[in-house]
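Engineer: Take a look at this one; I'll ask things after.
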Amino acid sequence: MARTALITGASSGLGAEYARQLASRGMDLVLVARDAAALERIAVEARSSGVHVEVVAADLLDADDRKRVEVRAADPRHPIDLLVNNAGFGLPLAFERNDPDDEARHLTLHVEVAMRLMRAVLPGMLERGSGRIVNIASVAGFVPRGTYGAAKGWLISFSRWANVAYRDRGVTVTAVCPGFVHTNFHERMGLPPGEEGVPGVLWLHAPAVVRESLRDVARGRAVSVPSLRYKALVALSRVVPDGLVAAAAARGR
């Protein structure tokens with residue numbers, strides 16, 4: 001694996017798990033999130049593996065904070081070899097009732113911020129002839145599922161193109177597309193554990209998702225769908241009418 005990874009949304013959930021597993025592989029880390037105290041807890045844990053960990057407390061929806069992170073990502077003195085675009089949040093599926101400003105922030109974080117950070121690290125990676133970019137998307141990006149699915153669909157499409165465009169120059173781009181994962185993602189939407197409306201068989205565990213996705217990243221794959229059950233569901237969604245897929249995808253939040 002590469003030497004230094006920058007991870008957004010690193011204070012909890014999949015971001016924190018990427019930090020743990022990459023540190024265990026000997027990678028130095030740059031951890032980015034809003035919650036400085038939570039980041040420090042993850043940093044202490046990661047440093048126990050003997051790696052260097054830099055903490056960057058930043059709100060990626062704040063223009064000045066976002067620029068700080070972009071500058072750090074592009075710094076040629078301390079290059080980023082692996083970027084994990086993980087920061088994100090969810091909104092209710094009822095688009096017509098959502099605050100349009102919330103929707104705009106949602107789109108900015110999932111698409112614009114990821115795009116800006118990719119653009120920040122890519123020139124250095126291409127100059128060095130090596131690098132990996134990981135965009136945390138979702139199986140929702142393959143199905144009709146509100147603006148969350150639409151935003152993740154952008155990440156999937158861009159990653160597929162970029163992986164073809166840059167892999168011969170040493171840089172791979174992978175969209176990681178998990179299904180429902182046991183993290184605090186739903187709790188931040190006001191849904192306590194057990195009230196998400198998701199059947200138990202559809203839940204995945206963060207350590208397994210990250211392990212499988214890192215195997216796919218190492219292989220240079222453009223799209224990673226962790227777990228056989230979700231691979232099957234994605235394949236099925238391509239042949240089933242949109243109405244049926246949308247109805248099935250509306251289960252859970």
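Residue numbers start at 1 in each chain; chains themselves are named A, B, ... in the order of the structure tokens; ligands are numbered from 1 in the order shown.
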I'd like the contact shell of Val113 of chain A - 9 Å cut-off, only C-alpha atoms, skipping same-chain residues fewer than 2 positions apart - returned as a ChimeraX atom specification.

Structural biologist: /A:60-61,66,85,87,107-111,115-118

Engineer: Find the residues around Ala120 of chain A up to 6 Å (only C-alpha atoms counted), leave out those fewer than 5 positions away in its own chain, and share them as a list in words.

Structural biologist: Glu70, Ala73 and Ala74 of chain A

Engineer: Give me, as a PyMOL selection string, the residues of segment 7-248 of chain A that a backbone DSSP run labels strand (DSSP E).

Structural biologist: chain A and resi 7-8+28-33+53-57+82-85+131-136+171-176+180-182+203-205+223-224

Engineer: Select from segment 56-165 of chain A every residue with an atom at most 12 Å from any atom of segment 14-17 of chain A, then for each give the shortest pair of atoms and their distance in Å to one decimal, using only C-alpha atoms, rows by chain and rising number, as JSON lines.

Structural biologist:
```
{"residue": "A:Leu83", "atom": "CA", "partner": "A:Gly15", "partner_atom": "CA", "distance": 11.3}
{"residue": "A:Val84", "atom": "CA", "partner": "A:Gly15", "partner_atom": "CA", "distance": 8.0}
{"residue": "A:Asn85", "atom": "CA", "partner": "A:Gly15", "partner_atom": "CA", "distance": 8.8}
{"residue": "A:Asn86", "atom": "CA", "partner": "A:Gly15", "partner_atom": "CA", "distance": 6.1}
{"residue": "A:Ala87", "atom": "CA", "partner": "A:Gly15", "partner_atom": "CA", "distance": 7.7}
{"residue": "A:Gly88", "atom": "CA", "partner": "A:Gly15", "partner_atom": "CA", "distance": 10.2}
{"residue": "A:Val134", "atom": "CA", "partner": "A:Gly15", "partner_atom": "CA", "distance": 11.3}
{"residue": "A:Asn135", "atom": "CA", "partner": "A:Gly15", "partner_atom": "CA", "distance": 11.3}
{"residue": "A:Ile136", "atom": "CA", "partner": "A:Leu14", "partner_atom": "CA", "distance": 8.9}
{"residue": "A:Ala137", "atom": "CA", "partner": "A:Leu14", "partner_atom": "CA", "distance": 11.5}
```

Engineer: With only C-alpha atoms as the atoms that count, which of A:Leu122, A:Ser138, A:Thr147, A:Pro207 lies nearest to Pro76 of chain A?

Structural biologist: A:Leu122

Engineer: Name the closest residue to His205 of chain A among the candidates A:Ala33, A:Ala114, A:Gly13, A:Arg68; distances are taken between atoms, counting only C-alpha atoms.

Structural biologist: A:Gly13

Engineer: Need the shell around Arg169 of chain A: protein/DNA/RNA residues with any atom at most 8 Å away, counting only C-alpha atoms. Skip same-chain ones fewer than 6 positions apart. Format as a PDB file with all heavy atoms, in the first residue's frame?

Structural biologist:
```pdb
ATOM      1  N   LEU A 126       0.071  11.869 -10.404  1.00  0.00           N
ATOM      2  CA  LEU A 126       0.465  11.614 -11.784  1.00  0.00           C
ATOM      3  C   LEU A 126       1.944  11.924 -11.992  1.00  0.00           C
ATOM      4  O   LEU A 126       2.643  11.204 -12.723  1.00  0.00           O
ATOM      5  CB  LEU A 126      -0.399  12.446 -12.734  1.00  0.00           C
ATOM      6  CG  LEU A 126      -1.871  12.036 -12.813  1.00  0.00           C
ATOM      7  CD1 LEU A 126      -2.658  13.037 -13.652  1.00  0.00           C
ATOM      8  CD2 LEU A 126      -2.027  10.633 -13.384  1.00  0.00           C
ATOM      9  N   GLY A 129       3.762   9.102 -10.612  1.00  0.00           N
ATOM     10  CA  GLY A 129       3.455   7.844 -11.294  1.00  0.00           C
ATOM     11  C   GLY A 129       2.820   6.803 -10.412  1.00  0.00           C
ATOM     12  O   GLY A 129       2.853   5.604 -10.733  1.00  0.00           O
ATOM     13  N   SER A 130       2.215   7.248  -9.288  1.00  0.00           N
ATOM     14  CA  SER A 130       1.548   6.285  -8.408  1.00  0.00           C
ATOM     15  C   SER A 130       0.557   7.014  -7.508  1.00  0.00           C
ATOM     16  O   SER A 130       0.753   8.175  -7.148  1.00  0.00           O
ATOM     17  CB  SER A 130       2.561   5.531  -7.543  1.00  0.00           C
ATOM     18  OG  SER A 130       3.195   6.415  -6.632  1.00  0.00           O
TER      19      SER A 130
END
```

Engineer: Would you compute the distance between atom CA of Arg20 of chain A and atom CA of Ala208 of chain A? Give it in Å to one decimal.

Structural biologist: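 Going from atom CA of Arg20 of chain A over to atom CA of Ala208 of chain A covers 12.5 Å.
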
Engineer: So what do you get for atom CA of Leu29 of chain A versus atom CA of Leu91 of chain A, distance-wise?

Structural biologist: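 These atoms are spaced 29.4 Å apart.
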
Engineer: With only C-alpha atoms as the atoms that count, which of A:Val234, A:Leu6, A:Ala19, A:Ala222 lies nearest to Val56 of chain A?

Structural biologist: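 Comparing A:Val234, A:Leu6, A:Ala19, A:Ala222 against Val56 of chain A, the winner is A:Leu6.
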
Engineer: Identify, on the basis of only C-alpha atoms, every residue whose closest approach to segment 42-53 of chain A does not exceed 6 Å; exclude the query and any residue fewer than 3 positions from it along the same chain; express the result as a PDB file with N, CA and C atoms, in the first residue's frame.

Structural biologist:
```pdb
ATOM      1  N   ARG A  20      -8.027   2.798  11.092  1.00  0.00           N
ATOM      2  CA  ARG A  20      -7.488   1.668  11.867  1.00  0.00           C
ATOM      3  C   ARG A  20      -6.759   0.674  10.964  1.00  0.00           C
ATOM      4  N   ALA A  23      -3.589   2.147   9.259  1.00  0.00           N
ATOM      5  CA  ALA A  23      -2.509   2.282  10.241  1.00  0.00           C
ATOM      6  C   ALA A  23      -1.890   0.927  10.546  1.00  0.00           C
ATOM      7  N   SER A  24      -2.720  -0.106  10.647  1.00  0.00           N
ATOM      8  CA  SER A  24      -2.199  -1.445  10.935  1.00  0.00           C
ATOM      9  C   SER A  24      -1.315  -1.957   9.809  1.00  0.00           C
ATOM     10  N   ASP A  28       1.061   6.176   7.233  1.00  0.00           N
ATOM     11  CA  ASP A  28       0.832   7.420   7.944  1.00  0.00           C
ATOM     12  C   ASP A  28      -0.525   7.971   7.533  1.00  0.00           C
ATOM     13  N   LEU A  29      -1.119   8.782   8.415  1.00  0.00           N
ATOM     14  CA  LEU A  29      -2.495   9.226   8.187  1.00  0.00           C
ATOM     15  C   LEU A  29      -2.638  10.739   8.331  1.00  0.00           C
ATOM     16  N   VAL A  30      -3.519  11.304   7.528  1.00  0.00           N
ATOM     17  CA  VAL A  30      -4.042  12.655   7.720  1.00  0.00           C
ATOM     18  C   VAL A  30      -5.540  12.491   7.895  1.00  0.00           C
ATOM     19  N   LEU A  39     -11.522  12.960  16.542  1.00  0.00           N
ATOM     20  CA  LEU A  39     -10.362  12.692  15.695  1.00  0.00           C
ATOM     21  C   LEU A  39      -9.145  12.321  16.538  1.00  0.00           C
TER      22      LEU A  39
END
```

Engineer: Can you measure atom CA of Glu127 of chain A to atom CA of Gly170 of chain A for me? One decimal in Å is fine.

Structural biologist: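 Between atom CA of Glu127 of chain A and atom CA of Gly170 of chain A the gap works out to 9.4 Å.
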
Engineer: If you count only C-alpha atoms, which residues fall within 10 Å of Ala57 of chain A, apart from same-chain ones fewer than 4 positions away, as a PyMOL selection string?

Structural biologist: chain A and resi 11+31-40+65+69

Engineer: Can you check which residues of segment 71-105 of chain A DSSP gives as helix (DSSP H, G or I) on the backbone and send them as a list in words?

Structural biologist: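 DSSP on the backbone gives helix (DSSP H, G or I) at Val71, Arg72, Ala73, Ala74, Phe95, Glu96, Arg97, Pro100, Asp101, Asp102, Glu103, Ala104 and Arg105 of chain A.
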